Amino acid sequence: MTITLRVNGRDHTVEADPATPLLYVLRGDLQLNGAKFGCGLGQCGACTVLVDGKAVLSCILPAAAVRGREVTTVEGLGTAETPGPLQQAFEAEQAAQCGYCIAGMIVRAQALLSANSAPTDAEIRAHMQPNLCRCGTHMRILKAIRRAAGLQPQPSRPGA
Amino acid sequence: MVSARRMRTLAASALVLVLCGCAGGPALPSPPPQRFEQAAVDQGASLAKLGDCQTCHTAEGGRPYAGGRPIGTPFGAVYSTNLTPDRETGIGAYSRVAFERAMRRGLRRDGAHLYPAFPYDHFSYAADGDLDSLYAFLMTRQPVRAVTPPNRLIPPVGFRPIIAIWKALYFRPGRFTPTAGQSAAWNRGAYLVESLGHCGACHTPHNFLGAERRNRVLDGGAAEGWYAPPLNASSPAITAWTADGLYAYLRTGIDLDHAASAGPMSTVSHELARAPEADVRAMSVYLASFMAAAPAAAGPPPSDRAQLASRAHPQGALLYAGACAQCHDAGAPMMLEGRPPLQLGTPLHEDSPRDTIQIILQGLEPPVRPAGPFMPGFADSLTDGQVAEIAGYLRSRFSDKPAWRALPAAVAKARREGAS
């Protein structure tokens, strides 16, 4: 079946089973490899993309379900040459270790900052809660989000 | 039509209101410094878990028991009060007598009426010794200065003295009486369910003035946009509840033959997981005595009608395949972790689609951390129409009950009610 998707501001037409997860279409058909396949079960957040500005899990979202809606992947937030504010902040704070979760983290953080330009620490933590990082760079990820929002860096609290 | 008896009650309550000048009772003096036995404090801690006091009396991100959480009612929001022993903003100035009067009669220390969002219609049945223990527990918490925000209620409900009329009409304080011929566990369970556990606050239907309908005890109610299914012989579960199944559900937040505890119920499981085992077992024994013989579970489970459902709801079938099957199909990795099969899921067999819709929209958090079922919510992924399609598909595939009607509107309503 032919599906037309609007991704990062451009229309794309792909041939796919309408139940195919959006993630597979993004990576397999559109070569947008930022979003990652982590668990395939909506448990980890590595596949997070934006649909109409909201963070969603693309591994459990059928491609046909987003027809007529605006999809944004991490590639849509900036390029290697001209990274966006969150991408710059993640680099500056060296927030990636293995990096597998980072595209999802950046995209989920973007959904927060678009809706709330000056979130509290508690709001950042609550919002980022669905996305997992197995390396343990959470404190740097939080710092990067605060940096991108132009908020004062807060000292890390042990065990926090 | 208003019955003569109702008219007499109304007239009597109007008279009571005038005579009392709308005040509930006299102000009570604050207590001298007190000491509490550790055993009573510990016992009170257990009772507070059985009553799940903390959930309502803690604000989002706030200190435990310091209150300030808005409790939704059909008339607006009532803010829960500060139960820590701060003298100005909490219950630090409440004597044992004032505490008991609040629990049994719904009166503040200054004599004003308390809104029945605080379920004193249940707590009036608490045993004296249990009130002693609860008081000891609360008065030994760290005092937290936290002013309770003013309620946001529509007129005339916002006028506190009007509660006197509600009480005259519906409030019947009483004491728990054990039932002869039932086991000690059954009676203990009955006591906990009816008094401190206040299960009926959600699971009993309420009338238009927010009072529990006494002729339909535990017959299915509502909470925060969710349907609270019946805990009696009207249980819609298609596999019979047993005391062991209820115990697993209440204690771990999941029972493989029915469902995972979701929405407002997940906080109940969270607390009951830490309550005394024998008490949770007693509640299970009591509730199972009504639920085990529910007619809905009498026959074999309905067959899986996948093809029929696909023809009736092609969009729902497509969305199910791309959004749900990865976890919920037989043999999926999640199912091998030990999850209730969808066809047994009680929400799909309920008269109301609300629970199915809320689970799709909000997902599930593990009720008893750290391990347990986690389902991401689809509120931001799927439109109202798409959620309605999935709900319709699941109902026609797994339940032999009539199709749910007006689903897109029900999804829109569930979205509004669930967003708090």
# chains A, B, ... in the order shown; residues from 1 in each chain; ligands from 1
>>> interface_residues(of="chain B", to="chain A", cutoff="8 Å", atoms="only C-alpha atoms", output="PyMOL selection string")
chain B and resi 318-319+321-324+326-327+374-376+378+380-382+386
>>> write_last_selection(atoms="all heavy atoms", output="tab-separated table (two decimals), in the first residue's frame")
chain	number	residue	atom	x	y	z
B	318	LEU	N	-5.99	-2.91	11.88
B	318	LEU	CA	-4.70	-2.41	11.38
B	318	LEU	C	-3.91	-1.75	12.51
B	318	LEU	O	-2.72	-2.01	12.70
B	318	LEU	CB	-4.99	-1.41	10.27
B	318	LEU	CG	-3.86	-0.78	9.49
B	318	LEU	CD1	-4.42	-0.25	8.19
B	318	LEU	CD2	-3.15	0.32	10.23
B	319	LEU	N	-4.59	-0.91	13.27
B	319	LEU	CA	-3.91	-0.21	14.36
B	319	LEU	C	-3.45	-1.20	15.43
B	319	LEU	O	-2.36	-1.07	15.98
B	319	LEU	CB	-4.84	0.85	14.97
B	319	LEU	CG	-5.13	2.04	14.04
B	319	LEU	CD1	-6.36	2.80	14.50
B	319	LEU	CD2	-3.92	2.98	13.99
B	321	ALA	N	-2.58	-4.26	14.93
B	321	ALA	CA	-1.41	-4.99	14.41
B	321	ALA	C	-0.13	-4.18	14.56
B	321	ALA	O	0.93	-4.73	14.85
B	321	ALA	CB	-1.64	-5.36	12.94
B	322	GLY	N	-0.23	-2.85	14.38
B	322	GLY	CA	0.98	-2.03	14.44
B	322	GLY	C	1.30	-1.46	15.80
B	322	GLY	O	2.43	-1.06	16.06
B	323	ALA	N	0.30	-1.40	16.68
B	323	ALA	CA	0.53	-0.72	17.96
B	323	ALA	C	0.41	-1.63	19.17
B	323	ALA	O	0.98	-1.33	20.22
B	323	ALA	CB	-0.45	0.45	18.12
B	324	CYS	N	-0.30	-2.74	19.05
B	324	CYS	CA	-0.62	-3.54	20.24
B	324	CYS	C	-0.04	-4.95	20.18
B	324	CYS	O	0.36	-5.51	21.21
B	324	CYS	CB	-2.13	-3.66	20.41
B	324	CYS	SG	-3.06	-2.14	20.13
B	326	GLN	N	2.64	-6.34	19.15
B	326	GLN	CA	4.02	-6.63	19.56
B	326	GLN	C	4.08	-7.14	20.99
B	326	GLN	O	4.92	-7.95	21.34
B	326	GLN	CB	4.90	-5.38	19.46
B	326	GLN	CG	5.13	-4.86	18.07
B	326	GLN	CD	4.18	-3.72	17.76
B	326	GLN	OE1	2.99	-3.81	18.04
B	326	GLN	NE2	4.69	-2.66	17.17
B	327	CYS	N	3.22	-6.59	21.85
B	327	CYS	CA	3.22	-7.00	23.25
B	327	CYS	C	2.09	-7.96	23.59
B	327	CYS	O	2.26	-8.85	24.41
B	327	CYS	CB	3.09	-5.77	24.16
B	327	CYS	SG	4.54	-4.70	24.12
B	374	PHE	N	4.56	-2.34	32.58
B	374	PHE	CA	4.61	-0.95	32.11
B	374	PHE	C	4.07	-0.92	30.70
B	374	PHE	O	4.56	-1.62	29.83
B	374	PHE	CB	6.03	-0.39	32.12
B	374	PHE	CG	6.14	0.95	31.43
B	374	PHE	CD1	5.74	2.11	32.08
B	374	PHE	CD2	6.60	1.05	30.13
B	374	PHE	CE1	5.80	3.34	31.44
B	374	PHE	CE2	6.67	2.28	29.47
B	374	PHE	CZ	6.27	3.43	30.14
B	375	MET	N	3.04	-0.12	30.50
B	375	MET	CA	2.52	0.08	29.14
B	375	MET	C	2.56	1.57	28.86
B	375	MET	O	2.04	2.36	29.66
B	375	MET	CB	1.08	-0.44	29.06
B	375	MET	CG	0.38	-0.02	27.78
B	375	MET	SD	-1.27	-0.72	27.63
B	375	MET	CE	-2.02	0.47	26.50
B	376	PRO	N	3.19	1.97	27.76
B	376	PRO	CA	3.20	3.40	27.44
B	376	PRO	C	1.80	3.86	27.05
B	376	PRO	O	1.04	3.09	26.45
B	376	PRO	CB	4.16	3.50	26.25
B	376	PRO	CG	4.16	2.15	25.63
B	376	PRO	CD	3.88	1.16	26.73
B	378	PHE	N	-0.93	6.06	24.85
B	378	PHE	CA	-1.00	6.42	23.43
B	378	PHE	C	-1.73	7.75	23.22
B	378	PHE	O	-2.13	8.07	22.11
B	378	PHE	CB	-1.68	5.31	22.62
B	378	PHE	CG	-0.81	4.09	22.45
B	378	PHE	CD1	-0.72	3.12	23.44
B	378	PHE	CD2	-0.05	3.92	21.30
B	378	PHE	CE1	0.09	2.01	23.29
B	378	PHE	CE2	0.77	2.81	21.14
B	378	PHE	CZ	0.83	1.86	22.14
B	380	ASP	N	-0.74	10.76	23.06
B	380	ASP	CA	-0.10	11.68	22.11
B	380	ASP	C	0.12	11.03	20.74
B	380	ASP	O	0.48	11.70	19.78
B	380	ASP	CB	1.25	12.16	22.65
B	380	ASP	CG	1.07	13.06	23.87
B	380	ASP	OD1	-0.03	13.65	24.01
B	380	ASP	OD2	2.01	13.17	24.66
B	381	SER	N	-0.01	9.69	20.67
B	381	SER	CA	0.26	8.99	19.41
B	381	SER	C	-0.98	8.84	18.55
B	381	SER	O	-0.89	8.89	17.33
B	381	SER	CB	0.78	7.57	19.67
B	381	SER	OG	1.79	7.56	20.62
B	382	LEU	N	-2.11	8.61	19.19
B	382	LEU	CA	-3.31	8.24	18.44
B	382	LEU	C	-4.40	9.30	18.63
B	382	LEU	O	-4.52	9.90	19.70
B	382	LEU	CB	-3.83	6.88	18.92
B	382	LEU	CG	-2.86	5.70	18.77
B	382	LEU	CD1	-3.44	4.44	19.41
B	382	LEU	CD2	-2.54	5.43	17.30
B	386	GLN	N	-8.86	7.03	16.33
B	386	GLN	CA	-8.03	5.83	16.28
B	386	GLN	C	-8.16	5.01	17.57
B	386	GLN	O	-8.25	3.78	17.53
B	386	GLN	CB	-6.56	6.23	16.04
B	386	GLN	CG	-6.34	6.75	14.62
B	386	GLN	CD	-4.98	7.40	14.42
B	386	GLN	OE1	-4.33	7.86	15.37
B	386	GLN	NE2	-4.54	7.47	13.18
>>> select_by_dssp(residues="stretch 23-158 of chain A", states="alpha helix (DSSP H)", output="number ranges by chain")
A: 23-24, 85-92, 102-115, 121-128, 138-148
>>> select_by_dssp(residues="stretch 1-80 of chain A", states="strand (DSSP E)", output="PDB file with all heavy atoms, in the first residue's frame")
ATOM      1  N   THR A   2       0.423   2.264  -0.696  1.00  0.00           N
ATOM      2  CA  THR A   2       1.185   3.512  -0.752  1.00  0.00           C
ATOM      3  C   THR A   2       0.781   4.409   0.422  1.00  0.00           C
ATOM      4  O   THR A   2      -0.400   4.643   0.650  1.00  0.00           O
ATOM      5  CB  THR A   2       0.893   4.247  -2.075  1.00  0.00           C
ATOM      6  OG1 THR A   2       1.208   3.365  -3.145  1.00  0.00           O
ATOM      7  CG2 THR A   2       1.737   5.512  -2.193  1.00  0.00           C
ATOM      8  N   ILE A   3       1.789   4.865   1.155  1.00  0.00           N
ATOM      9  CA  ILE A   3       1.513   5.763   2.284  1.00  0.00           C
ATOM     10  C   ILE A   3       2.308   7.038   2.072  1.00  0.00           C
ATOM     11  O   ILE A   3       3.501   6.981   1.762  1.00  0.00           O
ATOM     12  CB  ILE A   3       1.936   5.135   3.626  1.00  0.00           C
ATOM     13  CG1 ILE A   3       1.340   3.738   3.799  1.00  0.00           C
ATOM     14  CG2 ILE A   3       1.543   6.028   4.790  1.00  0.00           C
ATOM     15  CD1 ILE A   3       1.866   3.004   5.016  1.00  0.00           C
ATOM     16  N   THR A   4       1.649   8.172   2.226  1.00  0.00           N
ATOM     17  CA  THR A   4       2.356   9.456   2.153  1.00  0.00           C
ATOM     18  C   THR A   4       2.542   9.985   3.566  1.00  0.00           C
ATOM     19  O   THR A   4       1.579  10.070   4.338  1.00  0.00           O
ATOM     20  CB  THR A   4       1.570  10.461   1.303  1.00  0.00           C
ATOM     21  OG1 THR A   4       1.398   9.893  -0.003  1.00  0.00           O
ATOM     22  CG2 THR A   4       2.335  11.777   1.183  1.00  0.00           C
ATOM     23  N   LEU A   5       3.791  10.280   3.884  1.00  0.00           N
ATOM     24  CA  LEU A   5       4.118  10.771   5.222  1.00  0.00           C
ATOM     25  C   LEU A   5       4.803  12.112   5.111  1.00  0.00           C
ATOM     26  O   LEU A   5       5.586  12.344   4.187  1.00  0.00           O
ATOM     27  CB  LEU A   5       5.088   9.796   5.920  1.00  0.00           C
ATOM     28  CG  LEU A   5       4.604   8.387   6.183  1.00  0.00           C
ATOM     29  CD1 LEU A   5       5.752   7.557   6.750  1.00  0.00           C
ATOM     30  CD2 LEU A   5       3.447   8.402   7.159  1.00  0.00           C
ATOM     31  N   ARG A   6       4.531  12.995   6.057  1.00  0.00           N
ATOM     32  CA  ARG A   6       5.226  14.275   6.106  1.00  0.00           C
ATOM     33  C   ARG A   6       6.260  14.191   7.221  1.00  0.00           C
ATOM     34  O   ARG A   6       5.918  14.109   8.398  1.00  0.00           O
ATOM     35  CB  ARG A   6       4.240  15.409   6.345  1.00  0.00           C
ATOM     36  CG  ARG A   6       4.892  16.766   6.226  1.00  0.00           C
ATOM     37  CD  ARG A   6       3.885  17.880   6.013  1.00  0.00           C
ATOM     38  NE  ARG A   6       4.580  19.156   5.879  1.00  0.00           N
ATOM     39  CZ  ARG A   6       5.149  19.579   4.748  1.00  0.00           C
ATOM     40  NH1 ARG A   6       5.079  18.848   3.651  1.00  0.00           N
ATOM     41  NH2 ARG A   6       5.782  20.745   4.702  1.00  0.00           N
ATOM     42  N   VAL A   7       7.552  14.180   6.823  1.00  0.00           N
ATOM     43  CA  VAL A   7       8.631  13.991   7.796  1.00  0.00           C
ATOM     44  C   VAL A   7       9.634  15.122   7.647  1.00  0.00           C
ATOM     45  O   VAL A   7      10.123  15.382   6.530  1.00  0.00           O
ATOM     46  CB  VAL A   7       9.337  12.632   7.586  1.00  0.00           C
ATOM     47  CG1 VAL A   7      10.419  12.439   8.641  1.00  0.00           C
ATOM     48  CG2 VAL A   7       8.336  11.495   7.651  1.00  0.00           C
ATOM     49  N   ARG A  10       9.029  17.580   4.807  1.00  0.00           N
ATOM     50  CA  ARG A  10       8.922  17.153   3.401  1.00  0.00           C
ATOM     51  C   ARG A  10       7.956  15.986   3.287  1.00  0.00           C
ATOM     52  O   ARG A  10       7.879  15.143   4.190  1.00  0.00           O
ATOM     53  CB  ARG A  10      10.289  16.721   2.875  1.00  0.00           C
ATOM     54  CG  ARG A  10      11.231  17.870   2.539  1.00  0.00           C
ATOM     55  CD  ARG A  10      12.544  17.320   1.966  1.00  0.00           C
ATOM     56  NE  ARG A  10      12.328  16.343   0.906  1.00  0.00           N
ATOM     57  CZ  ARG A  10      13.171  15.347   0.624  1.00  0.00           C
ATOM     58  NH1 ARG A  10      14.290  15.199   1.312  1.00  0.00           N
ATOM     59  NH2 ARG A  10      12.910  14.503  -0.357  1.00  0.00           N
ATOM     60  N   ASP A  11       7.248  15.904   2.169  1.00  0.00           N
ATOM     61  CA  ASP A  11       6.350  14.768   1.937  1.00  0.00           C
ATOM     62  C   ASP A  11       7.134  13.617   1.326  1.00  0.00           C
ATOM     63  O   ASP A  11       7.964  13.811   0.440  1.00  0.00           O
ATOM     64  CB  ASP A  11       5.216  15.179   0.989  1.00  0.00           C
ATOM     65  CG  ASP A  11       4.191  16.048   1.693  1.00  0.00           C
ATOM     66  OD1 ASP A  11       4.071  15.913   2.929  1.00  0.00           O
ATOM     67  OD2 ASP A  11       3.539  16.877   1.028  1.00  0.00           O
ATOM     68  N   HIS A  12       6.882  12.413   1.821  1.00  0.00           N
ATOM     69  CA  HIS A  12       7.527  11.208   1.300  1.00  0.00           C
ATOM     70  C   HIS A  12       6.445  10.191   0.986  1.00  0.00           C
ATOM     71  O   HIS A  12       5.495  10.044   1.744  1.00  0.00           O
ATOM     72  CB  HIS A  12       8.469  10.591   2.334  1.00  0.00           C
ATOM     73  CG  HIS A  12       9.550  11.514   2.794  1.00  0.00           C
ATOM     74  ND1 HIS A  12      10.800  11.540   2.212  1.00  0.00           N
ATOM     75  CD2 HIS A  12       9.567  12.445   3.775  1.00  0.00           C
ATOM     76  CE1 HIS A  12      11.537  12.454   2.827  1.00  0.00           C
ATOM     77  NE2 HIS A  12      10.819  13.016   3.777  1.00  0.00           N
ATOM     78  N   THR A  13       6.615   9.483  -0.110  1.00  0.00           N
ATOM     79  CA  THR A  13       5.682   8.408  -0.436  1.00  0.00           C
ATOM     80  C   THR A  13       6.430   7.089  -0.382  1.00  0.00           C
ATOM     81  O   THR A  13       7.497   6.953  -0.984  1.00  0.00           O
ATOM     82  CB  THR A  13       5.089   8.630  -1.840  1.00  0.00           C
ATOM     83  OG1 THR A  13       4.442   9.910  -1.847  1.00  0.00           O
ATOM     84  CG2 THR A  13       4.077   7.560  -2.178  1.00  0.00           C
ATOM     85  N   VAL A  14       5.900   6.159   0.392  1.00  0.00           N
ATOM     86  CA  VAL A  14       6.566   4.859   0.531  1.00  0.00           C
ATOM     87  C   VAL A  14       5.555   3.754   0.270  1.00  0.00           C
ATOM     88  O   VAL A  14       4.350   3.939   0.411  1.00  0.00           O
ATOM     89  CB  VAL A  14       7.175   4.678   1.943  1.00  0.00           C
ATOM     90  CG1 VAL A  14       8.274   5.698   2.199  1.00  0.00           C
ATOM     91  CG2 VAL A  14       6.109   4.762   3.016  1.00  0.00           C
ATOM     92  N   GLU A  15       6.075   2.595  -0.112  1.00  0.00           N
ATOM     93  CA  GLU A  15       5.254   1.393  -0.267  1.00  0.00           C
ATOM     94  C   GLU A  15       5.453   0.560   0.991  1.00  0.00           C
ATOM     95  O   GLU A  15       6.573   0.126   1.273  1.00  0.00           O
ATOM     96  CB  GLU A  15       5.719   0.576  -1.478  1.00  0.00           C
ATOM     97  CG  GLU A  15       5.250   1.118  -2.812  1.00  0.00           C
ATOM     98  CD  GLU A  15       3.735   1.050  -2.971  1.00  0.00           C
ATOM     99  OE1 GLU A  15       3.127   0.059  -2.519  1.00  0.00           O
ATOM    100  OE2 GLU A  15       3.161   2.007  -3.525  1.00  0.00           O
ATOM    101  N   THR A  48      12.028   7.378  20.016  1.00  0.00           N
ATOM    102  CA  THR A  48      11.147   8.550  20.155  1.00  0.00           C
ATOM    103  C   THR A  48      11.282   9.515  18.984  1.00  0.00           C
ATOM    104  O   THR A  48      12.394   9.880  18.590  1.00  0.00           O
ATOM    105  CB  THR A  48      11.466   9.295  21.466  1.00  0.00           C
ATOM    106  OG1 THR A  48      11.398   8.371  22.545  1.00  0.00           O
ATOM    107  CG2 THR A  48      10.474  10.435  21.704  1.00  0.00           C
ATOM    108  N   VAL A  49      10.145   9.912  18.420  1.00  0.00           N
ATOM    109  CA  VAL A  49      10.084  10.979  17.408  1.00  0.00           C
ATOM    110  C   VAL A  49       8.941  11.910  17.807  1.00  0.00           C
ATOM    111  O   VAL A  49       8.193  11.616  18.749  1.00  0.00           O
ATOM    112  CB  VAL A  49       9.842  10.422  15.988  1.00  0.00           C
ATOM    113  CG1 VAL A  49      10.936   9.450  15.587  1.00  0.00           C
ATOM    114  CG2 VAL A  49       8.465   9.770  15.867  1.00  0.00           C
ATOM    115  N   LEU A  50       8.840  13.037  17.117  1.00  0.00           N
ATOM    116  CA  LEU A  50       7.727  13.954  17.380  1.00  0.00           C
ATOM    117  C   LEU A  50       6.633  13.730  16.349  1.00  0.00           C
ATOM    118  O   LEU A  50       6.921  13.595  15.161  1.00  0.00           O
ATOM    119  CB  LEU A  50       8.193  15.409  17.295  1.00  0.00           C
ATOM    120  CG  LEU A  50       9.301  15.859  18.251  1.00  0.00           C
ATOM    121  CD1 LEU A  50       9.674  17.314  17.970  1.00  0.00           C
ATOM    122  CD2 LEU A  50       8.863  15.700  19.701  1.00  0.00           C
ATOM    123  N   VAL A  51       5.397  13.683  16.802  1.00  0.00           N
ATOM    124  CA  VAL A  51       4.243  13.721  15.902  1.00  0.00           C
ATOM    125  C   VAL A  51       3.395  14.908  16.340  1.00  0.00           C
ATOM    126  O   VAL A  51       2.935  14.952  17.491  1.00  0.00           O
ATOM    127  CB  VAL A  51       3.435  12.409  15.950  1.00  0.00           C
ATOM    128  CG1 VAL A  51       2.143  12.554  15.152  1.00  0.00           C
ATOM    129  CG2 VAL A  51       4.259  11.256  15.386  1.00  0.00           C
ATOM    130  N   LYS A  54       4.441  16.329  19.690  1.00  0.00           N
ATOM    131  CA  LYS A  54       4.416  15.513  20.897  1.00  0.00           C
ATOM    132  C   LYS A  54       5.375  14.334  20.741  1.00  0.00           C
ATOM    133  O   LYS A  54       5.475  13.751  19.661  1.00  0.00           O
ATOM    134  CB  LYS A  54       2.998  14.976  21.142  1.00  0.00           C
ATOM    135  CG  LYS A  54       1.945  16.060  21.344  1.00  0.00           C
ATOM    136  CD  LYS A  54       1.964  16.552  22.779  1.00  0.00           C
ATOM    137  CE  LYS A  54       0.902  17.597  23.057  1.00  0.00           C
ATOM    138  NZ  LYS A  54      -0.464  17.110  22.848  1.00  0.00           N
ATOM    139  N   ALA A  55       6.055  13.978  21.829  1.00  0.00           N
ATOM    140  CA  ALA A  55       6.979  12.849  21.790  1.00  0.00           C
ATOM    141  C   ALA A  55       6.192  11.541  21.770  1.00  0.00           C
ATOM    142  O   ALA A  55       5.362  11.304  22.645  1.00  0.00           O
ATOM    143  CB  ALA A  55       7.882  12.899  23.018  1.00  0.00           C
ATOM    144  N   VAL A  56       6.447  10.712  20.770  1.00  0.00           N
ATOM    145  CA  VAL A  56       5.760   9.420  20.680  1.00  0.00           C
ATOM    146  C   VAL A  56       6.787   8.326  20.395  1.00  0.00           C
ATOM    147  O   VAL A  56       7.894   8.592  19.935  1.00  0.00           O
ATOM    148  CB  VAL A  56       4.669   9.411  19.585  1.00  0.00           C
ATOM    149  CG1 VAL A  56       3.693  10.564  19.770  1.00  0.00           C
ATOM    150  CG2 VAL A  56       5.291   9.455  18.200  1.00  0.00           C
ATOM    151  N   LEU A  57       6.386   7.084  20.663  1.00  0.00           N
ATOM    152  CA  LEU A  57       7.271   5.933  20.475  1.00  0.00           C
ATOM    153  C   LEU A  57       6.995   5.351  19.101  1.00  0.00           C
ATOM    154  O   LEU A  57       5.940   4.769  18.858  1.00  0.00           O
ATOM    155  CB  LEU A  57       7.006   4.912  21.585  1.00  0.00           C
ATOM    156  CG  LEU A  57       7.197   5.481  22.997  1.00  0.00           C
ATOM    157  CD1 LEU A  57       6.601   4.551  24.051  1.00  0.00           C
ATOM    158  CD2 LEU A  57       8.673   5.730  23.273  1.00  0.00           C
ATOM    159  N   GLU A  70       2.403  15.800  11.204  1.00  0.00           N
ATOM    160  CA  GLU A  70       3.774  16.246  10.991  1.00  0.00           C
ATOM    161  C   GLU A  70       4.729  15.420  11.862  1.00  0.00           C
ATOM    162  O   GLU A  70       4.646  15.461  13.086  1.00  0.00           O
ATOM    163  CB  GLU A  70       3.860  17.735  11.373  1.00  0.00           C
ATOM    164  CG  GLU A  70       5.203  18.379  11.195  1.00  0.00           C
ATOM    165  CD  GLU A  70       5.517  18.700   9.738  1.00  0.00           C
ATOM    166  OE1 GLU A  70       4.629  19.213   9.039  1.00  0.00           O
ATOM    167  OE2 GLU A  70       6.653  18.432   9.320  1.00  0.00           O
ATOM    168  N   VAL A  71       5.607  14.666  11.207  1.00  0.00           N
ATOM    169  CA  VAL A  71       6.582  13.860  11.934  1.00  0.00           C
ATOM    170  C   VAL A  71       7.929  14.583  11.933  1.00  0.00           C
ATOM    171  O   VAL A  71       8.359  15.095  10.900  1.00  0.00           O
ATOM    172  CB  VAL A  71       6.746  12.464  11.277  1.00  0.00           C
ATOM    173  CG1 VAL A  71       7.790  11.629  12.016  1.00  0.00           C
ATOM    174  CG2 VAL A  71       5.402  11.732  11.235  1.00  0.00           C
ATOM    175  N   THR A  72       8.579  14.654  13.090  1.00  0.00           N
ATOM    176  CA  THR A  72       9.917  15.245  13.177  1.00  0.00           C
ATOM    177  C   THR A  72      10.842  14.252  13.852  1.00  0.00           C
ATOM    178  O   THR A  72      10.528  13.744  14.930  1.00  0.00           O
ATOM    179  CB  THR A  72       9.894  16.554  13.985  1.00  0.00           C
ATOM    180  OG1 THR A  72       8.890  17.417  13.455  1.00  0.00           O
ATOM    181  CG2 THR A  72      11.248  17.257  13.938  1.00  0.00           C
TER     182      THR A  72
END
>>> residues_around(residues="B:Thr204", least_positions_apart="2", cutoff="6 Å", atoms="only C-alpha atoms", output="MDAnalysis selection string")
chainID B and resid 200 202 217:221
>>> write_last_selection(atoms="C-alpha atoms", output="PDB file, in the first residue's frame")
ATOM      1  CA  GLY B 200     -17.084   1.950  48.217  1.00  0.00           C
ATOM      2  CA  CYS B 202     -14.995   4.493  44.201  1.00  0.00           C
ATOM      3  CA  VAL B 217     -23.039  -1.352  47.684  1.00  0.00           C
ATOM      4  CA  LEU B 218     -19.858  -2.072  45.649  1.00  0.00           C
ATOM      5  CA  ASP B 219     -21.954  -2.326  42.480  1.00  0.00           C
ATOM      6  CA  GLY B 220     -19.577  -0.331  40.262  1.00  0.00           C
ATOM      7  CA  GLY B 221     -18.663   3.355  40.496  1.00  0.00           C
TER       8      GLY B 221
END
>>> atom_distance(atom1="atom CA of A:Gly136", atom2="atom CA of B:Ser269")
29.6 Å
>>> residues_around(residues="stretch 300-316 of chain B", least_positions_apart="2", cutoff="9 Å", atoms="only C-alpha atoms", output="list in words")
Ile238, Thr239, Ala297, Ala298, Leu318, Leu319, Tyr320, Ala321, Gln343, Leu344, Gln386, Val387, Ala388, Glu389, Ile390, Ala391, Gly392, Tyr393, Leu394, Arg395, Ser396, Arg397, Phe398, Ser399 and Asp400 of chain B
>>> residues_around(residues="B:Pro155", least_positions_apart="6", cutoff="12 Å", atoms="only C-alpha atoms", output="compact mmCIF listing (two decimals) with all heavy atoms, in the first residue's frame")
# COMPACT_ATOMS: atom_id res chain seq x y z
N PHE B 75 -18.76 18.60 41.47
CA PHE B 75 -19.05 20.00 41.79
C PHE B 75 -17.79 20.86 41.81
O PHE B 75 -17.83 22.01 42.23
CB PHE B 75 -19.76 20.08 43.15
CG PHE B 75 -20.85 19.06 43.30
CD1 PHE B 75 -20.65 17.92 44.07
CD2 PHE B 75 -22.05 19.21 42.63
CE1 PHE B 75 -21.64 16.95 44.17
CE2 PHE B 75 -23.04 18.25 42.73
CZ PHE B 75 -22.84 17.11 43.50
N GLY B 76 -16.68 20.29 41.37
CA GLY B 76 -15.41 21.02 41.38
C GLY B 76 -14.39 20.28 42.22
O GLY B 76 -14.58 19.10 42.54
N ILE B 162 -23.66 24.25 53.93
CA ILE B 162 -24.68 23.48 53.21
C ILE B 162 -24.45 21.98 53.37
O ILE B 162 -25.34 21.16 53.13
CB ILE B 162 -24.69 23.91 51.72
CG1 ILE B 162 -26.08 23.70 51.14
CG2 ILE B 162 -23.66 23.15 50.91
CD1 ILE B 162 -26.30 24.40 49.84
>>> atom_distance(atom1="atom CA of B:His122", atom2="atom CA of B:Arg152")
24.1 Å
>>> residues_around(residues="stretch 259-261 of chain B", least_positions_apart="5", cutoff="9 Å", atoms="only C-alpha atoms", output="MDAnalysis selection string")
chainID B and resid 249:250 252:254 266:269 339:342 344:347 364 366:367 372:373
>>> closest_residue(among="B:Val147, B:Ile360, B:Ala294, B:Ala275", to="B:Leu348", atoms="only C-alpha atoms")
B:Ile360
>>> atom_distance(atom1="atom CA of B:Cys199", atom2="atom CA of B:Ala403")
28.9 Å
>>> closest_residue(among="A:Arg108, A:Lys143, A:Lys36, A:Arg67", to="A:Gln94", atoms="only C-alpha atoms")
A:Lys143
>>> residues_around(residues="B:Leu131", least_positions_apart="2", cutoff="9 Å", atoms="only C-alpha atoms", output="PDB file with C-alpha atoms, in the first residue's frame")
ATOM      1  CA  GLY B  44      -1.245   3.303  62.785  1.00  0.00           C
ATOM      2  CA  ARG B  96      -7.653  12.719  70.184  1.00  0.00           C
ATOM      3  CA  PHE B  99      -9.516  13.666  65.552  1.00  0.00           C
ATOM      4  CA  GLU B 100     -12.198  11.125  66.336  1.00  0.00           C
ATOM      5  CA  MET B 103     -13.207  10.760  61.398  1.00  0.00           C
ATOM      6  CA  ALA B 126     -13.511   2.453  62.442  1.00  0.00           C
ATOM      7  CA  ALA B 127     -12.760   0.809  65.792  1.00  0.00           C
ATOM      8  CA  ASP B 128     -11.741   3.038  68.708  1.00  0.00           C
ATOM      9  CA  GLY B 129      -8.371   1.311  69.032  1.00  0.00           C
ATOM     10  CA  SER B 133      -3.282   4.096  66.461  1.00  0.00           C
ATOM     11  CA  LEU B 134      -3.952   6.275  63.429  1.00  0.00           C
ATOM     12  CA  TYR B 135      -3.858   9.348  65.644  1.00  0.00           C
ATOM     13  CA  ALA B 136      -0.551   8.216  67.182  1.00  0.00           C
TER      14      ALA B 136
END
